[in-house]
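Structure file work-v7.txt (compact mmCIF, C-alpha atoms) is printed below.
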# COMPACT_ATOMS: atom_id res chain seq x y z
CA MET A 1 0.00 0.00 0.00
CA LYS A 2 1.41 3.38 -1.04
CA LYS A 3 2.29 5.76 1.82
CA ILE A 4 1.94 9.53 1.46
CA LEU A 5 3.16 12.18 3.93
CA ILE A 6 1.44 15.59 3.85
CA GLY A 7 1.60 18.56 6.22
CA LEU A 8 -0.16 21.85 6.92
CA ILE A 9 1.89 24.90 7.90
CA GLY A 10 0.03 27.79 9.54
CA ALA A 11 -0.90 29.55 12.77
CA GLY A 12 -3.75 28.44 15.02
CA ILE A 13 -4.63 25.37 12.96
CA GLN A 14 -5.47 22.81 15.65
CA ARG A 15 -9.14 22.78 14.62
CA SER A 16 -8.36 22.27 10.93
CA LEU A 17 -10.44 19.55 9.29
CA SER A 18 -7.92 19.04 6.48
CA PRO A 19 -6.18 16.04 8.11
CA ALA A 20 -9.46 14.15 8.49
CA LEU A 21 -10.65 15.08 4.98
CA HIS A 22 -7.47 13.95 3.22
CA GLU A 23 -6.87 10.84 5.31
CA GLU A 24 -10.45 9.60 4.89
CA GLU A 25 -10.52 10.25 1.14
CA ALA A 26 -7.18 8.43 0.80
CA ARG A 27 -8.60 5.43 2.66
CA HIS A 28 -11.38 5.13 0.09
CA HIS A 29 -8.69 4.89 -2.62
CA GLY A 30 -6.57 2.31 -0.81
CA LEU A 31 -3.85 4.80 0.15
CA ARG A 32 -2.11 5.31 3.50
CA LEU A 33 -1.91 9.08 3.89
CA HIS A 34 -0.67 10.80 7.04
CA TYR A 35 -1.48 14.50 7.37
CA GLN A 36 0.64 16.37 9.95
CA LEU A 37 -0.29 19.73 11.48
CA ILE A 38 2.68 22.11 11.77
CA ASP A 39 1.23 24.85 13.98
CA LEU A 40 3.27 28.02 14.54
CA ASP A 41 1.14 28.97 17.54
CA MET A 42 1.52 25.61 19.23
CA ALA A 43 5.28 25.79 18.76
CA ASP A 44 5.27 29.42 19.98
CA VAL A 45 7.16 30.62 16.90
CA GLN A 46 6.54 33.24 14.23
CA ALA A 47 6.34 32.95 10.46
CA ASP A 48 10.03 33.81 10.15
CA VAL A 49 10.81 30.12 10.84
CA LEU A 50 9.21 29.21 7.50
CA PRO A 51 12.57 28.68 5.70
CA GLU A 52 13.54 26.14 8.37
CA LEU A 53 10.20 24.36 8.07
CA ILE A 54 10.41 24.11 4.29
CA GLY A 55 13.99 22.85 4.58
CA ALA A 56 12.89 20.24 7.12
CA ALA A 57 10.04 19.13 4.87
CA ARG A 58 12.57 18.54 2.07
CA ILE A 59 14.81 16.47 4.35
CA MET A 60 11.96 14.47 5.89
CA GLY A 61 10.54 13.53 2.50
CA PHE A 62 7.14 15.19 2.68
CA ASP A 63 5.19 14.50 -0.51
CA GLY A 64 3.31 17.77 -0.17
CA LEU A 65 2.25 20.62 2.08
CA ASN A 66 -0.75 22.83 2.49
CA ILE A 67 0.07 26.43 3.44
CA THR A 68 -2.29 28.74 5.27
CA PHE A 69 -2.33 32.06 7.16
CA PRO A 70 0.13 33.76 7.56
CA CYS A 71 2.50 32.00 5.13
CA LYS A 72 0.78 31.89 1.72
CA GLN A 73 2.87 34.68 0.23
CA SER A 74 6.11 34.39 2.19
CA VAL A 75 6.53 30.75 1.12
CA ILE A 76 6.93 31.66 -2.56
CA PRO A 77 10.67 32.52 -2.59
CA LEU A 78 11.42 29.25 -0.76
CA LEU A 79 10.07 27.06 -3.57
CA ASP A 80 11.66 25.72 -6.75
CA GLY A 81 8.78 26.63 -9.04
CA LEU A 82 5.22 27.92 -9.29
CA SER A 83 2.18 26.95 -11.31
CA ASP A 84 0.84 29.64 -13.65
CA GLU A 85 -2.16 30.06 -11.34
CA ALA A 86 -0.03 30.56 -8.20
CA HIS A 87 2.16 33.03 -10.07
CA ALA A 88 -0.85 35.02 -11.25
CA ILE A 89 -2.45 35.06 -7.79
CA GLY A 90 0.79 35.76 -5.95
CA ALA A 91 0.04 33.21 -3.22
CA VAL A 92 0.54 29.50 -2.61
CA ASN A 93 -1.65 27.18 -0.54
CA THR A 94 -0.40 23.84 -1.88
CA VAL A 95 3.17 22.61 -2.35
CA VAL A 96 3.90 19.37 -4.19
CA ARG A 97 7.18 17.45 -4.41
CA GLN A 98 7.81 16.70 -8.08
CA ALA A 99 11.04 14.93 -9.05
CA GLY A 100 12.75 16.32 -5.97
CA ARG A 101 11.54 19.89 -6.57
CA LEU A 102 8.97 21.72 -4.44
CA VAL A 103 6.39 23.36 -6.71
CA GLY A 104 3.75 25.80 -5.45
CA TYR A 105 0.11 25.74 -6.53
CA ASN A 106 -3.00 27.63 -5.53
CA THR A 107 -6.26 25.73 -5.16
CA ASP A 108 -8.04 28.46 -3.17
CA GLY A 109 -9.42 30.25 -6.22
CA THR A 110 -10.86 27.17 -7.89
CA GLY A 111 -12.08 26.00 -4.47
CA TRP A 112 -13.91 29.28 -3.93
CA SER A 113 -15.46 29.15 -7.42
CA TRP A 114 -16.59 25.56 -6.86
CA GLY A 115 -18.20 26.55 -3.58
CA LEU A 116 -20.00 29.63 -4.93
CA ARG A 117 -21.44 27.70 -7.88
CA ARG A 118 -22.52 24.88 -5.59
CA ALA A 119 -24.08 27.05 -2.85
CA LEU A 120 -25.40 30.00 -4.90
CA PRO A 121 -25.82 29.00 -8.54
CA GLY A 122 -26.51 32.07 -10.64
CA ALA A 123 -25.20 34.52 -8.01
CA ASP A 124 -25.17 38.12 -9.25
CA LEU A 125 -21.54 39.01 -10.05
CA SER A 126 -22.19 42.50 -11.37
CA ARG A 127 -20.55 44.39 -8.47
CA VAL A 128 -18.49 42.30 -6.08
CA VAL A 129 -16.59 43.63 -3.04
CA LEU A 130 -13.60 41.77 -1.64
CA LEU A 131 -12.55 42.49 1.95
CA GLY A 132 -8.97 41.32 2.48
CA ALA A 133 -6.15 41.39 -0.09
CA GLY A 134 -3.90 38.72 1.44
CA GLY A 135 -3.29 35.22 0.10
CA ALA A 136 -6.87 33.92 0.27
CA GLY A 137 -8.27 37.25 -0.93
CA SER A 138 -5.94 37.32 -3.93
CA ALA A 139 -7.12 33.86 -4.96
CA CYS A 140 -10.81 34.77 -4.56
CA ALA A 141 -10.32 38.01 -6.50
CA ASP A 142 -8.75 36.17 -9.42
CA ALA A 143 -11.51 33.55 -9.31
CA ALA A 144 -14.34 36.09 -9.13
CA LEU A 145 -13.06 37.92 -12.21
CA ARG A 146 -12.59 34.64 -14.10
CA LEU A 147 -16.19 33.69 -13.18
CA GLY A 148 -17.34 36.90 -14.85
CA ALA A 149 -17.51 39.61 -12.18
CA ARG A 150 -18.04 42.87 -14.06
CA GLU A 151 -16.63 45.04 -11.26
CA LEU A 152 -14.47 44.03 -8.28
CA THR A 153 -13.74 46.50 -5.48
CA ILE A 154 -10.88 45.49 -3.16
CA VAL A 155 -10.70 46.79 0.42
CA ASP A 156 -7.86 46.07 2.84
CA GLN A 157 -6.61 47.65 6.07
CA ASP A 158 -3.37 48.19 4.18
CA THR A 159 -4.57 50.20 1.18
CA SER A 160 -1.28 49.59 -0.64
CA ARG A 161 -2.08 45.86 -0.74
CA ALA A 162 -5.47 46.57 -2.30
CA VAL A 163 -3.84 48.86 -4.88
CA ALA A 164 -1.17 46.28 -5.72
CA LEU A 165 -3.70 43.46 -6.10
CA ALA A 166 -5.99 45.53 -8.33
CA ASP A 167 -3.04 46.55 -10.50
CA ARG A 168 -1.87 42.94 -10.89
CA LEU A 169 -5.35 41.67 -11.76
CA ASN A 170 -5.86 44.43 -14.30
CA ARG A 171 -2.57 43.54 -15.98
CA LEU A 172 -3.38 39.83 -16.13
CA LEU A 173 -7.10 39.79 -16.93
CA PRO A 174 -9.13 41.72 -19.53
CA GLY A 175 -11.32 44.74 -18.91
CA ARG A 176 -9.56 46.53 -16.03
CA ARG A 177 -12.42 45.45 -13.75
CA ALA A 178 -10.61 45.64 -10.39
CA LYS A 179 -10.24 48.79 -8.30
CA PRO A 180 -9.04 49.52 -4.75
CA ALA A 181 -11.07 51.31 -2.09
CA HIS A 182 -10.38 52.25 1.52
CA ASP A 183 -13.87 52.31 3.08
CA ILE A 184 -15.87 49.07 3.26
CA GLU A 185 -19.24 50.74 3.89
CA GLN A 186 -18.89 52.99 0.86
CA ALA A 187 -17.70 50.07 -1.26
CA LEU A 188 -20.76 47.98 -0.32
CA GLN A 189 -23.25 50.65 -1.43
CA GLY A 190 -24.89 49.14 -4.51
CA ALA A 191 -22.77 45.97 -4.41
CA SER A 192 -24.28 42.61 -5.37
CA GLY A 193 -21.93 40.42 -3.34
CA LEU A 194 -19.27 40.43 -0.60
CA ILE A 195 -16.31 38.06 -0.30
CA HIS A 196 -14.77 38.13 3.17
CA ALA A 197 -11.12 37.02 3.18
CA THR A 198 -9.56 38.37 6.38
CA PRO A 199 -8.78 36.29 9.51
CA VAL A 200 -11.41 38.20 11.55
CA GLY A 201 -14.02 35.70 12.67
CA MET A 202 -11.62 32.80 13.11
CA ALA A 203 -11.80 31.05 16.48
CA LYS A 204 -8.55 32.80 17.48
CA MET A 205 -9.69 36.20 16.13
CA PRO A 206 -13.44 36.48 16.88
CA GLY A 207 -15.50 39.47 15.87
CA LEU A 208 -17.14 41.24 12.94
CA PRO A 209 -14.86 42.52 10.13
CA LEU A 210 -17.28 45.31 9.18
CA PRO A 211 -20.21 47.29 10.63
CA GLU A 212 -23.38 45.20 10.62
CA ARG A 213 -25.35 48.18 9.27
CA ALA A 214 -23.49 47.78 5.95
CA LEU A 215 -25.30 44.48 5.22
CA ARG A 216 -28.64 44.39 3.38
CA PRO A 217 -30.91 41.70 1.88
CA THR A 218 -29.85 42.22 -1.76
CA LEU A 219 -26.25 41.27 -0.92
CA TRP A 220 -24.85 37.73 -0.98
CA VAL A 221 -22.00 37.08 1.47
CA SER A 222 -19.25 34.53 0.91
CA GLU A 223 -17.06 33.65 3.90
CA VAL A 224 -13.55 32.19 3.67
CA VAL A 225 -13.20 31.36 7.38
CA TYR A 226 -14.55 27.91 8.27
CA VAL A 227 -13.50 27.50 11.93
CA PRO A 228 -16.07 28.23 13.22
CA LEU A 229 -18.34 27.35 10.33
CA GLU A 230 -20.88 30.01 11.30
CA THR A 231 -18.84 33.14 11.88
CA GLU A 232 -20.12 36.37 13.40
CA LEU A 233 -20.26 37.79 9.86
CA LEU A 234 -22.48 34.97 8.61
CA LYS A 235 -24.79 35.34 11.62
CA ALA A 236 -25.08 39.08 10.95
CA ALA A 237 -25.62 38.48 7.23
CA LYS A 238 -28.46 36.05 7.93
CA ARG A 239 -30.06 38.57 10.30
CA ALA A 240 -29.88 41.11 7.47
CA GLY A 241 -31.56 38.71 5.04
CA CYS A 242 -28.49 38.01 2.89
CA ARG A 243 -27.90 34.75 1.07
CA THR A 244 -24.70 33.24 2.46
CA VAL A 245 -21.90 30.82 1.56
CA ASP A 246 -19.97 29.42 4.50
CA GLY A 247 -16.23 28.81 4.35
CA GLY A 248 -16.72 25.06 4.27
CA TYR A 249 -17.52 25.15 0.56
CA MET A 250 -14.20 26.74 -0.35
CA ASN A 251 -12.38 24.41 2.04
CA VAL A 252 -13.84 21.31 0.41
CA GLY A 253 -13.29 22.64 -3.11
CA GLN A 254 -9.63 23.46 -2.52
CA ALA A 255 -9.05 20.18 -0.64
CA ALA A 256 -10.47 18.10 -3.47
CA ARG A 257 -8.11 19.68 -6.00
CA GLY A 258 -5.23 19.47 -3.53
CA PHE A 259 -5.89 15.74 -3.10
CA LYS A 260 -5.51 15.30 -6.87
CA LEU A 261 -2.21 17.21 -6.81
CA PHE A 262 -0.88 15.18 -3.89
CA THR A 263 -1.97 11.74 -5.09
CA GLY A 264 -2.71 11.94 -8.82
CA ILE A 265 -6.21 10.60 -8.08
CA ASP A 266 -9.52 12.43 -8.51
CA ALA A 267 -11.28 12.98 -5.19
CA ASP A 268 -15.01 12.34 -4.81
CA GLU A 269 -16.14 15.91 -4.12
CA ALA A 270 -19.61 14.95 -2.90
CA ARG A 271 -18.13 12.41 -0.49
CA MET A 272 -15.58 14.93 0.79
CA GLU A 273 -18.29 17.52 1.34
CA SER A 274 -20.50 15.04 3.17
CA HIS A 275 -17.58 14.05 5.39
CA PHE A 276 -16.75 17.72 6.03
CA ARG A 277 -20.32 18.51 7.10
CA ARG A 278 -20.38 15.56 9.48
CA LEU A 279 -17.10 16.68 11.05
CA ALA A 280 -18.16 20.31 11.25
CA ALA A 281 -21.42 19.39 12.94

Please, can you express the file's structure as structure tokens?
Amino acid sequence: MKKILIGLIGAGIQRSLSPALHEEEARHHGLRLHYQLIDLDMADVQADVLPELIGAARIMGFDGLNITFPCKQSVIPLLDGLSDEAHAIGAVNTVVRQAGRLVGYNTDGTGWSWGLRRALPGADLSRVVLLGAGGAGSACADAALRLGARELTIVDQDTSRAVALADRLNRLLPGRRAKPAHDIEQALQGASGLIHATPVGMAKMPGLPLPERALRPTLWVSEVVYVPLETELLKAAKRAGCRTVDGGYMNVGQAARGFKLFTGIDADEARMESHFRRLAA
């Protein structure tokens, strides 16, 4: 029986469902897959140890890694190559050992698209607002434009990140449809949908990332955070009458594609989603 060693590098990841998702899907395919959490918080270290961790993963023979907050962008210079998608997005969430080289991929964008289509088929993409221009936000922004968003407004605490992301997207994709903004309430006026891609709402960073008064029934709200599955933002959005997409959809979508990259085998997406929902409940 083939053995596969995978890890997840990130901060505050003890409640991640990725180990269970990948290990159970592997079992259905007759594979022995071990998925190791490499938690910066548990080790009481900062993201500046990332070069050591990537070096250790090379030495220990990891077949692949998932990368999450806060390492999706800082991991890039430590790798031997990038997929076109990861290069375009400027962030990596999946690293695969290929002939001794570590190659970075990004499955967040396709995972988000899969989740939006599954949860809200036909969602209005005329005016989409993205809150958060980090690694996950960059992937969602790219995906939203590729799905056909006519206008994408990017808001980030660090306005320079929003400007840089909009500029990169406008260079890579047709129509110059992305623009930065500094005020989330103004950006949401007249918007059709909101993608939330900051860490606010995670179990370790509870709270609302925006004023609740900015939400209204005509807005759909897509959440990237999935621990907890029902964040304060999703609760507020439901109170406001918004249609919502929880972060579990994106998590399952990106995990299914990651499984294919790690193993070469197509995952059963419906089975993975069913398993995820059981675990999350």

Handout entry: Given all atoms listed in the file as the counted atoms, nearest of A:Glu25, A:Asp63, A:Glu230, A:Glu269 to Arg101 of chain A
Key = A:Asp63

Exercise for the section: Would you mind telling me which residue in A:Gly64, A:Gly30, A:Gly55, A:Gly81 lies nearest to Phe262 of chain A when using all atoms listed in the file? Expected result: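 Result for the nearest residue to Phe262 of chain A: A:Gly64.
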
Handout entry: Within-12 Å shell of (-1.5, 25.3, 9.2) in input frame, all atoms listed in the file, as an NGL selection string
Key = :A and (6-19 or 35-43 or 47 or 50 or 53 or 65-72 or 93-94)

Practice task
Please provide as a ChimeraX atom specification all residues within 7 Å of segment 147-154 of chain A, with the sequence filter that same-chain residues fewer than 5 positions apart are discarded (counting all atoms listed in the file).
Solution key: /A:125-131,133,162,177-181,187

Practice task
Counting all atoms listed in the file, figure out which residue out of A:Ala214, A:Ala255, A:Val75, A:Met202 gets nearest to Glu273 of chain A.
Solution key: A:Ala255

Problem - Nearest candidate to Ala141 of chain A (options A:Gly90, A:Pro211, A:Gly241, A:Pro51; using only C-alpha atoms) - result: A:Gly90

Exercise for the section: Give the answer as one residue: which of A:Met250, A:Ala119, A:Val155, A:Leu261 has the shortest atom-to-atom distance to Gln98 of chain A, using all atoms listed in the file? Expected result: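 Between A:Met250, A:Ala119, A:Val155, A:Leu261, the residue approaching Gln98 of chain A most closely is A:Leu261.
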
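Distances here use all atoms listed in the file; by that measure, the residue among A:Asp142, A:Leu116, A:His182, A:Ser83 closest to Gly248 of chain A is A:Leu116.
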
Exercise for the section: Tell me, in Å to one decimal, how far atom CA of Ser160 of chain A is from atom CA of Glu85 of chain A. Expected result: 22.3 Å

Practice task
Between atom CA of Leu5 of chain A and atom CA of Phe62 of chain A, measure the distance and give it in Å to one decimal.
Solution key: 5.1 Å

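Take atom CA of Leu21 of chain A and atom CA of Ser113 of chain A: the distance between them is 19.4 Å.
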
Would you mind putting N, CA, C and O atoms back on segment 141-161 of chain A and writing the result as a short mmCIF file (atom, residue, chain, number, x, y, z; two decimals), keeping the file's coordinate frame?
data_model
loop_
_atom_site.label_atom_id
_atom_site.label_comp_id
_atom_site.auth_asym_id
_atom_site.auth_seq_id
_atom_site.Cartn_x
_atom_site.Cartn_y
_atom_site.Cartn_z
N ALA A 141 -10.19 36.91 -5.54
CA ALA A 141 -10.32 38.01 -6.50
C ALA A 141 -10.10 37.50 -7.92
O ALA A 141 -10.89 37.80 -8.83
N ASP A 142 -9.04 36.74 -8.11
CA ASP A 142 -8.75 36.17 -9.42
C ASP A 142 -9.92 35.29 -9.88
O ASP A 142 -10.38 35.38 -11.03
N ALA A 143 -10.42 34.46 -8.97
CA ALA A 143 -11.51 33.55 -9.31
C ALA A 143 -12.79 34.29 -9.65
O ALA A 143 -13.51 33.92 -10.60
N ALA A 144 -13.12 35.34 -8.88
CA ALA A 144 -14.34 36.09 -9.13
C ALA A 144 -14.32 36.74 -10.52
O ALA A 144 -15.32 36.73 -11.25
N LEU A 145 -13.17 37.30 -10.89
CA LEU A 145 -13.06 37.92 -12.21
C LEU A 145 -13.15 36.87 -13.32
O LEU A 145 -13.77 37.09 -14.35
N ARG A 146 -12.53 35.70 -13.09
CA ARG A 146 -12.59 34.64 -14.10
C ARG A 146 -14.01 34.06 -14.22
O ARG A 146 -14.39 33.56 -15.28
N LEU A 147 -14.79 34.14 -13.12
CA LEU A 147 -16.19 33.69 -13.18
C LEU A 147 -17.07 34.68 -13.92
O LEU A 147 -18.21 34.36 -14.27
N GLY A 148 -16.57 35.92 -14.10
CA GLY A 148 -17.34 36.90 -14.85
C GLY A 148 -17.76 38.13 -14.09
O GLY A 148 -18.62 38.89 -14.57
N ALA A 149 -17.18 38.38 -12.91
CA ALA A 149 -17.51 39.61 -12.18
C ALA A 149 -17.22 40.82 -13.06
O ALA A 149 -16.13 40.94 -13.62
N ARG A 150 -18.22 41.71 -13.18
CA ARG A 150 -18.04 42.87 -14.06
C ARG A 150 -17.25 43.98 -13.36
O ARG A 150 -16.59 44.79 -14.01
N GLU A 151 -17.35 44.02 -12.03
CA GLU A 151 -16.63 45.04 -11.26
C GLU A 151 -16.23 44.43 -9.92
O GLU A 151 -17.06 43.82 -9.24
N LEU A 152 -14.96 44.57 -9.55
CA LEU A 152 -14.47 44.03 -8.28
C LEU A 152 -13.78 45.16 -7.51
O LEU A 152 -12.79 45.73 -7.98
N THR A 153 -14.32 45.48 -6.34
CA THR A 153 -13.74 46.50 -5.48
C THR A 153 -13.01 45.82 -4.34
O THR A 153 -13.59 44.98 -3.64
N ILE A 154 -11.74 46.17 -4.14
CA ILE A 154 -10.88 45.49 -3.16
C ILE A 154 -10.60 46.44 -2.00
O ILE A 154 -10.10 47.55 -2.20
N VAL A 155 -10.92 45.99 -0.79
CA VAL A 155 -10.70 46.79 0.42
C VAL A 155 -9.77 46.01 1.34
O VAL A 155 -9.97 44.81 1.56
N ASP A 156 -8.78 46.70 1.88
CA ASP A 156 -7.86 46.07 2.84
C ASP A 156 -7.42 47.14 3.84
O ASP A 156 -7.35 48.32 3.50
N GLN A 157 -7.14 46.71 5.07
CA GLN A 157 -6.61 47.65 6.07
C GLN A 157 -5.38 48.36 5.54
O GLN A 157 -5.18 49.54 5.80
N ASP A 158 -4.56 47.63 4.81
CA ASP A 158 -3.37 48.19 4.18
C ASP A 158 -3.75 48.54 2.74
O ASP A 158 -3.77 47.68 1.86
N THR A 159 -4.07 49.80 2.51
CA THR A 159 -4.57 50.20 1.18
C THR A 159 -3.58 49.87 0.08
O THR A 159 -3.98 49.57 -1.05
N SER A 160 -2.29 49.89 0.39
CA SER A 160 -1.28 49.59 -0.64
C SER A 160 -1.43 48.15 -1.15
O SER A 160 -1.15 47.88 -2.32
N ARG A 161 -1.87 47.25 -0.29
CA ARG A 161 -2.08 45.86 -0.74
C ARG A 161 -3.26 45.79 -1.70
O ARG A 161 -3.22 45.06 -2.70
#
